[in-house]
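Engineer: Below: one structure in structure tokens.
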Amino acid sequence: MPDKLPHVGLYPGTFDPITRGHLDVIARGARLVERLVIGVAANVGKQPLMGLEERVECVTQEVAPIALDTGTPIEVVGFDNLLVQCARQNGANVIIRGLRVVTDYDYETQMFGMNHRLDPGIETVFLMATERYQFISSRLVKEIAQLGGDITSFVPSFTHSRIMVRLRNSSKEIQNVRD
């Protein structure tokens, strides 16, 4: 019988910002693989609040305790190519995706089909969001923050402080343009 390949997982996303829901999926996914790579997508089409390097830094800070807790090595990388190319470049043979609601399932089913066609050797595993995080989305968190709402229950502290600095700097820039 051939030796089993080590299970290396890739959990991709824009992470603009990383939320407590993302961290829940990361912690649970880290228990399923021998090494976990968090792929932070450049995804300029989504017009991220934070640049790629800043998002990588936030994710790196926020996942460090999970790596210690689970004993699973976790690496954070930025990428701007196809997901399957990122998986191959990082030795991942499992893509981990989180599902919150039915609409996520519809989208993720399409993505699975495309990724499987591009590389049938890479499996996709779906993890359902736990009940307490199903409603959190990065898009809504950004919108709440931009409108002055409290996002402390949705994002971890390092990321929260980065978002607040980013929003303060943005509002100063807008004010300077108006003046």
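Simple scheme: letters A, B, ... for chains in structure tokens order, numbers from 1 for residues in each chain, numbers from 1 for ligands in the order shown.
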Stretch 87-144 of chain A: which residues are strand (DSSP E or B) by DSSP, as a list of chain:residue names?
Structural biologist: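 Checking each residue of stretch 87-144 of chain A, the strand (DSSP E or B) ones are A:Val94, A:Ile95, A:Ile96, A:Arg97, A:Gly98, A:Leu99, A:Glu123, A:Thr124, A:Val125, A:Phe126, A:Leu127, A:Met128.
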Engineer: With all heavy atoms retained, export the selected residues as a CSV table (one decimal), in the first residue's frame.
Structural biologist:
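Output contents, as saved in result_24.csv:
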chain,number,residue,atom,x,y,z
A,94,VAL,N,-5.2,19.9,0.2
A,94,VAL,CA,-6.6,20.1,0.7
A,94,VAL,C,-6.9,21.6,0.8
A,94,VAL,O,-6.1,22.3,1.4
A,94,VAL,CB,-6.7,19.5,2.1
A,94,VAL,CG1,-8.1,19.7,2.7
A,94,VAL,CG2,-6.4,18.0,2.1
A,95,ILE,N,-8.0,22.0,0.2
A,95,ILE,CA,-8.4,23.4,0.3
A,95,ILE,C,-9.5,23.3,1.4
A,95,ILE,O,-10.5,22.6,1.3
A,95,ILE,CB,-9.0,23.9,-1.0
A,95,ILE,CG1,-7.8,24.0,-2.0
A,95,ILE,CG2,-9.6,25.3,-0.8
A,95,ILE,CD1,-8.3,24.4,-3.4
A,96,ILE,N,-9.4,24.2,2.4
A,96,ILE,CA,-10.4,24.3,3.4
A,96,ILE,C,-11.3,25.5,3.2
A,96,ILE,O,-10.7,26.6,3.0
A,96,ILE,CB,-9.8,24.4,4.8
A,96,ILE,CG1,-9.0,23.1,5.1
A,96,ILE,CG2,-10.8,24.6,5.9
A,96,ILE,CD1,-8.2,23.1,6.3
A,97,ARG,N,-12.6,25.4,3.2
A,97,ARG,CA,-13.5,26.5,2.9
A,97,ARG,C,-14.5,26.5,4.1
A,97,ARG,O,-15.1,25.4,4.4
A,97,ARG,CB,-14.2,26.4,1.6
A,97,ARG,CG,-13.2,26.4,0.4
A,97,ARG,CD,-12.5,27.7,0.3
A,97,ARG,NE,-13.4,28.8,0.0
A,97,ARG,CZ,-13.2,30.1,0.2
A,97,ARG,NH1,-12.0,30.4,0.7
A,97,ARG,NH2,-14.1,31.0,-0.1
A,98,GLY,N,-14.8,27.7,4.5
A,98,GLY,CA,-15.9,27.8,5.6
A,98,GLY,C,-17.2,28.2,4.9
A,98,GLY,O,-17.2,28.9,3.9
A,99,LEU,N,-18.3,27.6,5.4
A,99,LEU,CA,-19.6,27.9,4.9
A,99,LEU,C,-20.4,28.5,6.1
A,99,LEU,O,-20.5,27.9,7.2
A,99,LEU,CB,-20.3,26.6,4.5
A,99,LEU,CG,-19.7,25.9,3.3
A,99,LEU,CD1,-20.4,24.6,3.1
A,99,LEU,CD2,-19.6,26.7,2.0
A,123,GLU,N,-8.1,18.2,-3.0
A,123,GLU,CA,-9.5,18.0,-2.4
A,123,GLU,C,-10.0,19.3,-1.7
A,123,GLU,O,-9.1,20.1,-1.3
A,123,GLU,CB,-9.5,16.9,-1.4
A,123,GLU,CG,-9.5,15.5,-2.0
A,123,GLU,CD,-10.7,15.2,-2.8
A,123,GLU,OE1,-11.8,15.8,-2.6
A,123,GLU,OE2,-10.6,14.4,-3.7
A,124,THR,N,-11.3,19.5,-1.7
A,124,THR,CA,-11.9,20.6,-0.9
A,124,THR,C,-12.7,20.0,0.2
A,124,THR,O,-13.4,19.1,0.1
A,124,THR,CB,-12.8,21.4,-1.9
A,124,THR,OG1,-12.0,21.9,-3.0
A,124,THR,CG2,-13.4,22.6,-1.1
A,125,VAL,N,-12.5,20.6,1.4
A,125,VAL,CA,-13.2,20.3,2.6
A,125,VAL,C,-14.0,21.5,3.0
A,125,VAL,O,-13.4,22.6,3.2
A,125,VAL,CB,-12.3,19.8,3.7
A,125,VAL,CG1,-13.0,19.6,5.0
A,125,VAL,CG2,-11.5,18.6,3.3
A,126,PHE,N,-15.3,21.3,3.3
A,126,PHE,CA,-16.1,22.4,3.8
A,126,PHE,C,-16.3,22.3,5.3
A,126,PHE,O,-16.7,21.2,5.7
A,126,PHE,CB,-17.5,22.4,3.1
A,126,PHE,CG,-17.4,22.6,1.6
A,126,PHE,CD1,-17.7,21.6,0.7
A,126,PHE,CD2,-17.0,23.9,1.1
A,126,PHE,CE1,-17.6,21.8,-0.7
A,126,PHE,CE2,-16.9,24.1,-0.3
A,126,PHE,CZ,-17.2,23.0,-1.2
A,127,LEU,N,-16.1,23.4,6.0
A,127,LEU,CA,-16.4,23.4,7.4
A,127,LEU,C,-17.6,24.4,7.6
A,127,LEU,O,-17.4,25.6,7.2
A,127,LEU,CB,-15.2,23.8,8.2
A,127,LEU,CG,-14.0,22.9,8.2
A,127,LEU,CD1,-12.9,23.5,9.0
A,127,LEU,CD2,-14.4,21.5,8.8
A,128,MET,N,-18.6,23.9,8.3
A,128,MET,CA,-19.7,24.8,8.6
A,128,MET,C,-19.3,25.8,9.7
A,128,MET,O,-18.6,25.4,10.7
A,128,MET,CB,-20.9,24.1,9.1
A,128,MET,CG,-21.6,23.2,8.0
A,128,MET,SD,-22.2,24.2,6.6
A,128,MET,CE,-23.3,25.4,7.4
Engineer: Near A:Ala129, counting only C-alpha atoms, which residues have an atom at most 12 Å away, once you skip same-chain residues fewer than 5 positions from it, shown as number ranges by chain?
Structural biologist: A: 19-29, 97-102, 104-105, 134-137
Engineer: Just to be explicit: take each residue in the selection above, keep N, CA, C and O atoms, and write the result as an mmCIF file, in the first residue's frame.
Structural biologist:
data_model
loop_
_atom_site.group_PDB
_atom_site.id
_atom_site.type_symbol
_atom_site.label_atom_id
_atom_site.label_comp_id
_atom_site.auth_asym_id
_atom_site.auth_seq_id
_atom_site.Cartn_x
_atom_site.Cartn_y
_atom_site.Cartn_z
ATOM 1 N N THR A 19 -11.897 37.878 10.650
ATOM 2 C CA THR A 19 -12.918 37.951 11.690
ATOM 3 C C THR A 19 -12.790 36.783 12.664
ATOM 4 O O THR A 19 -12.038 35.837 12.419
ATOM 5 N N ARG A 20 -13.548 36.859 13.724
ATOM 6 C CA ARG A 20 -13.581 35.736 14.677
ATOM 7 C C ARG A 20 -14.125 34.471 14.006
ATOM 8 O O ARG A 20 -13.740 33.366 14.366
ATOM 9 N N GLY A 21 -14.999 34.636 13.027
ATOM 10 C CA GLY A 21 -15.485 33.488 12.263
ATOM 11 C C GLY A 21 -14.373 32.816 11.488
ATOM 12 O O GLY A 21 -14.269 31.582 11.468
ATOM 13 N N HIS A 22 -13.530 33.608 10.837
ATOM 14 C CA HIS A 22 -12.375 33.048 10.133
ATOM 15 C C HIS A 22 -11.488 32.279 11.109
ATOM 16 O O HIS A 22 -11.024 31.172 10.812
ATOM 17 N N LEU A 23 -11.232 32.887 12.261
ATOM 18 C CA LEU A 23 -10.349 32.252 13.244
ATOM 19 C C LEU A 23 -10.926 30.938 13.757
ATOM 20 O O LEU A 23 -10.181 29.989 14.015
ATOM 21 N N ASP A 24 -12.239 30.867 13.872
ATOM 22 C CA ASP A 24 -12.888 29.622 14.278
ATOM 23 C C ASP A 24 -12.638 28.530 13.238
ATOM 24 O O ASP A 24 -12.268 27.402 13.590
ATOM 25 N N VAL A 25 -12.801 28.851 11.966
ATOM 26 C CA VAL A 25 -12.566 27.869 10.900
ATOM 27 C C VAL A 25 -11.087 27.490 10.873
ATOM 28 O O VAL A 25 -10.745 26.310 10.710
ATOM 29 N N ILE A 26 -10.207 28.455 11.052
ATOM 30 C CA ILE A 26 -8.766 28.169 11.058
ATOM 31 C C ILE A 26 -8.415 27.217 12.196
ATOM 32 O O ILE A 26 -7.693 26.233 11.996
ATOM 33 N N ALA A 27 -8.938 27.473 13.385
ATOM 34 C CA ALA A 27 -8.638 26.606 14.534
ATOM 35 C C ALA A 27 -9.156 25.190 14.301
ATOM 36 O O ALA A 27 -8.463 24.209 14.598
ATOM 37 N N ARG A 28 -10.328 25.080 13.764
ATOM 38 C CA ARG A 28 -10.904 23.753 13.509
ATOM 39 C C ARG A 28 -10.186 23.060 12.359
ATOM 40 O O ARG A 28 -9.919 21.856 12.403
ATOM 41 N N GLY A 29 -9.840 23.826 11.323
ATOM 42 C CA GLY A 29 -9.110 23.259 10.192
ATOM 43 C C GLY A 29 -7.711 22.815 10.568
ATOM 44 O O GLY A 29 -7.212 21.802 10.063
ATOM 45 N N ARG A 97 -12.576 25.356 3.165
ATOM 46 C CA ARG A 97 -13.495 26.473 2.946
ATOM 47 C C ARG A 97 -14.538 26.479 4.054
ATOM 48 O O ARG A 97 -15.052 25.433 4.442
ATOM 49 N N GLY A 98 -14.845 27.662 4.543
ATOM 50 C CA GLY A 98 -15.875 27.819 5.557
ATOM 51 C C GLY A 98 -17.202 28.168 4.907
ATOM 52 O O GLY A 98 -17.247 28.906 3.927
ATOM 53 N N LEU A 99 -18.268 27.611 5.439
ATOM 54 C CA LEU A 99 -19.614 27.899 4.942
ATOM 55 C C LEU A 99 -20.437 28.491 6.073
ATOM 56 O O LEU A 99 -20.493 27.944 7.172
ATOM 57 N N ARG A 100 -21.104 29.616 5.798
ATOM 58 C CA ARG A 100 -21.962 30.250 6.803
ATOM 59 C C ARG A 100 -23.428 30.009 6.502
ATOM 60 O O ARG A 100 -24.195 29.648 7.360
ATOM 61 N N VAL A 101 -23.808 30.258 5.278
ATOM 62 C CA VAL A 101 -25.216 30.201 4.891
ATOM 63 C C VAL A 101 -25.346 29.499 3.543
ATOM 64 O O VAL A 101 -24.364 29.205 2.882
ATOM 65 N N VAL A 102 -26.582 29.262 3.127
ATOM 66 C CA VAL A 102 -26.848 28.535 1.889
ATOM 67 C C VAL A 102 -26.202 29.216 0.679
ATOM 68 O O VAL A 102 -25.677 28.537 -0.198
ATOM 69 N N ASP A 104 -23.441 30.778 0.533
ATOM 70 C CA ASP A 104 -22.028 30.393 0.512
ATOM 71 C C ASP A 104 -21.879 29.035 -0.170
ATOM 72 O O ASP A 104 -20.967 28.820 -0.966
ATOM 73 N N TYR A 105 -22.785 28.106 0.149
ATOM 74 C CA TYR A 105 -22.724 26.761 -0.416
ATOM 75 C C TYR A 105 -22.830 26.816 -1.937
ATOM 76 O O TYR A 105 -22.072 26.154 -2.642
ATOM 77 N N GLN A 134 -22.016 32.494 12.372
ATOM 78 C CA GLN A 134 -22.624 32.356 11.047
ATOM 79 C C GLN A 134 -23.013 33.682 10.408
ATOM 80 O O GLN A 134 -23.050 33.794 9.194
ATOM 81 N N PHE A 135 -23.296 34.672 11.174
ATOM 82 C CA PHE A 135 -23.777 35.941 10.629
ATOM 83 C C PHE A 135 -22.651 36.923 10.300
ATOM 84 O O PHE A 135 -22.878 37.949 9.665
ATOM 85 N N ILE A 136 -21.433 36.634 10.709
ATOM 86 C CA ILE A 136 -20.328 37.588 10.532
ATOM 87 C C ILE A 136 -19.765 37.486 9.117
ATOM 88 O O ILE A 136 -19.424 36.403 8.653
ATOM 89 N N SER A 137 -19.654 38.619 8.458
ATOM 90 C CA SER A 137 -18.956 38.685 7.168
ATOM 91 C C SER A 137 -18.025 39.893 7.195
ATOM 92 O O SER A 137 -18.337 40.918 7.808
#
Engineer: Which one of A:Ile18, A:Ile66, A:Thr72, A:Tyr11 sits closest to A:Lys142 if you count only C-alpha atoms?
Structural biologist: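 Closest residue, counting only C-alpha atoms: A:Ile18.
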Engineer: Check chain A with DSSP on the backbone and list each residue it calls helix (DSSP H, G or I), as an NGL selection string.
Structural biologist: :A and (20-30 or 44-46 or 52-70 or 83-89 or 102-118 or 131-133 or 138-146 or 157-178)
Engineer: Would you export the selected residues with C-alpha atoms as a PDB file, in the first residue's frame, please?
Structural biologist:
ATOM      1  CA  ARG A  20     -13.581  35.736  14.677  1.00  0.00           C
ATOM      2  CA  GLY A  21     -15.485  33.488  12.263  1.00  0.00           C
ATOM      3  CA  HIS A  22     -12.375  33.048  10.133  1.00  0.00           C
ATOM      4  CA  LEU A  23     -10.349  32.252  13.244  1.00  0.00           C
ATOM      5  CA  ASP A  24     -12.888  29.622  14.278  1.00  0.00           C
ATOM      6  CA  VAL A  25     -12.566  27.869  10.900  1.00  0.00           C
ATOM      7  CA  ILE A  26      -8.766  28.169  11.058  1.00  0.00           C
ATOM      8  CA  ALA A  27      -8.638  26.606  14.534  1.00  0.00           C
ATOM      9  CA  ARG A  28     -10.904  23.753  13.509  1.00  0.00           C
ATOM     10  CA  GLY A  29      -9.110  23.259  10.192  1.00  0.00           C
ATOM     11  CA  ALA A  30      -5.711  23.203  11.905  1.00  0.00           C
ATOM     12  CA  VAL A  44      -8.066  44.053  -5.801  1.00  0.00           C
ATOM     13  CA  GLY A  45     -11.485  43.679  -7.444  1.00  0.00           C
ATOM     14  CA  LYS A  46     -13.033  43.767  -3.961  1.00  0.00           C
ATOM     15  CA  LEU A  52      -2.194  42.861   1.028  1.00  0.00           C
ATOM     16  CA  GLU A  53       0.871  43.240   3.276  1.00  0.00           C
ATOM     17  CA  GLU A  54      -1.217  44.675   6.098  1.00  0.00           C
ATOM     18  CA  ARG A  55      -3.783  41.881   5.822  1.00  0.00           C
ATOM     19  CA  VAL A  56      -1.005  39.270   5.854  1.00  0.00           C
ATOM     20  CA  GLU A  57       0.398  40.934   8.976  1.00  0.00           C
ATOM     21  CA  CYS A  58      -3.009  40.932  10.713  1.00  0.00           C
ATOM     22  CA  VAL A  59      -3.651  37.281   9.862  1.00  0.00           C
ATOM     23  CA  THR A  60      -0.146  36.293  10.987  1.00  0.00           C
ATOM     24  CA  GLN A  61      -0.642  38.014  14.359  1.00  0.00           C
ATOM     25  CA  GLU A  62      -4.108  36.575  14.912  1.00  0.00           C
ATOM     26  CA  VAL A  63      -3.305  32.932  14.023  1.00  0.00           C
ATOM     27  CA  ALA A  64      -0.134  32.644  16.133  1.00  0.00           C
ATOM     28  CA  PRO A  65      -2.063  31.554  19.265  1.00  0.00           C
ATOM     29  CA  ILE A  66      -3.957  28.940  17.221  1.00  0.00           C
ATOM     30  CA  ALA A  67      -0.691  27.395  16.019  1.00  0.00           C
ATOM     31  CA  LEU A  68       0.519  27.198  19.626  1.00  0.00           C
ATOM     32  CA  ASP A  69      -2.775  25.760  20.859  1.00  0.00           C
ATOM     33  CA  THR A  70      -3.141  23.109  18.151  1.00  0.00           C
ATOM     34  CA  LEU A  83      -6.163  29.188  -5.967  1.00  0.00           C
ATOM     35  CA  VAL A  84      -4.959  25.822  -7.277  1.00  0.00           C
ATOM     36  CA  GLN A  85      -1.649  27.440  -8.271  1.00  0.00           C
ATOM     37  CA  CYS A  86      -1.294  28.818  -4.741  1.00  0.00           C
ATOM     38  CA  ALA A  87      -2.092  25.359  -3.360  1.00  0.00           C
ATOM     39  CA  ARG A  88       0.537  23.715  -5.562  1.00  0.00           C
ATOM     40  CA  GLN A  89       3.169  26.362  -4.720  1.00  0.00           C
ATOM     41  CA  VAL A 102     -26.848  28.535   1.889  1.00  0.00           C
ATOM     42  CA  THR A 103     -25.613  31.228  -0.511  1.00  0.00           C
ATOM     43  CA  ASP A 104     -22.028  30.393   0.512  1.00  0.00           C
ATOM     44  CA  TYR A 105     -22.724  26.761  -0.416  1.00  0.00           C
ATOM     45  CA  ASP A 106     -23.939  27.713  -3.895  1.00  0.00           C
ATOM     46  CA  TYR A 107     -20.838  29.794  -4.596  1.00  0.00           C
ATOM     47  CA  GLU A 108     -18.428  27.291  -3.036  1.00  0.00           C
ATOM     48  CA  THR A 109     -19.921  24.419  -5.051  1.00  0.00           C
ATOM     49  CA  GLN A 110     -19.065  26.307  -8.241  1.00  0.00           C
ATOM     50  CA  MET A 111     -15.566  27.045  -6.977  1.00  0.00           C
ATOM     51  CA  PHE A 112     -15.063  23.395  -6.034  1.00  0.00           C
ATOM     52  CA  GLY A 113     -16.066  22.305  -9.534  1.00  0.00           C
ATOM     53  CA  MET A 114     -13.676  24.715 -11.206  1.00  0.00           C
ATOM     54  CA  ASN A 115     -10.781  23.925  -8.860  1.00  0.00           C
ATOM     55  CA  HIS A 116     -11.366  20.180  -9.193  1.00  0.00           C
ATOM     56  CA  ARG A 117     -11.313  20.486 -12.981  1.00  0.00           C
ATOM     57  CA  LEU A 118      -8.067  22.481 -12.813  1.00  0.00           C
ATOM     58  CA  GLU A 131     -23.649  29.033  15.208  1.00  0.00           C
ATOM     59  CA  ARG A 132     -22.146  31.993  17.028  1.00  0.00           C
ATOM     60  CA  TYR A 133     -20.244  33.143  13.917  1.00  0.00           C
ATOM     61  CA  SER A 138     -15.932  40.868   6.482  1.00  0.00           C
ATOM     62  CA  ARG A 139     -18.011  43.077   4.203  1.00  0.00           C
ATOM     63  CA  LEU A 140     -20.527  43.835   6.966  1.00  0.00           C
ATOM     64  CA  VAL A 141     -17.782  44.359   9.543  1.00  0.00           C
ATOM     65  CA  LYS A 142     -16.122  46.948   7.279  1.00  0.00           C
ATOM     66  CA  GLU A 143     -19.440  48.687   6.672  1.00  0.00           C
ATOM     67  CA  ILE A 144     -20.232  48.851  10.398  1.00  0.00           C
ATOM     68  CA  ALA A 145     -16.744  50.227  11.150  1.00  0.00           C
ATOM     69  CA  GLN A 146     -16.937  52.820   8.365  1.00  0.00           C
ATOM     70  CA  SER A 157      -7.887  43.083  18.961  1.00  0.00           C
ATOM     71  CA  PHE A 158      -4.796  43.481  16.737  1.00  0.00           C
ATOM     72  CA  THR A 159      -6.973  43.615  13.622  1.00  0.00           C
ATOM     73  CA  HIS A 160      -9.447  45.945  15.337  1.00  0.00           C
ATOM     74  CA  SER A 161      -6.718  48.471  16.081  1.00  0.00           C
ATOM     75  CA  ARG A 162      -5.425  48.280  12.488  1.00  0.00           C
ATOM     76  CA  ILE A 163      -8.916  48.899  11.072  1.00  0.00           C
ATOM     77  CA  MET A 164      -9.465  51.879  13.359  1.00  0.00           C
ATOM     78  CA  VAL A 165      -6.122  53.419  12.352  1.00  0.00           C
ATOM     79  CA  ARG A 166      -6.918  52.806   8.684  1.00  0.00           C
ATOM     80  CA  LEU A 167     -10.347  54.450   9.012  1.00  0.00           C
ATOM     81  CA  ARG A 168      -8.951  57.449  10.919  1.00  0.00           C
ATOM     82  CA  ASN A 169      -6.297  57.961   8.244  1.00  0.00           C
ATOM     83  CA  SER A 170      -8.921  57.626   5.488  1.00  0.00           C
ATOM     84  CA  SER A 171     -11.217  60.185   7.090  1.00  0.00           C
ATOM     85  CA  LYS A 172      -8.276  62.610   7.519  1.00  0.00           C
ATOM     86  CA  GLU A 173      -7.414  62.191   3.832  1.00  0.00           C
ATOM     87  CA  ILE A 174     -11.023  62.870   2.849  1.00  0.00           C
ATOM     88  CA  GLN A 175     -11.125  65.930   5.111  1.00  0.00           C
ATOM     89  CA  ASN A 176      -7.880  67.238   3.598  1.00  0.00           C
ATOM     90  CA  VAL A 177      -9.341  66.865   0.099  1.00  0.00           C
ATOM     91  CA  ARG A 178     -12.457  68.804   1.178  1.00  0.00           C
TER      92      ARG A 178
END
Engineer: Kindly give the distance, in Å, that separates atom CA of A:Leu82 and atom CA of A:Gly13, rounded to a single decimal.
Structural biologist: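 According to the coordinates, atom CA of A:Leu82 and atom CA of A:Gly13 are separated by 12.1 Å.
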Engineer: Figure out the distance between atom CA of A:Pro12 and atom CA of A:Asp119, please, to one decimal in Å.
Structural biologist: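 For atom CA of A:Asp119 relative to atom CA of A:Pro12, the distance reads 16.1 Å.
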Engineer: Quick check, in Å to one decimal: how far apart do atom CA of A:Asn43 and atom CA of A:His7 lie?
Structural biologist: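 One can read the atom CA of A:Asn43 to atom CA of A:His7 distance as 26.4 Å.
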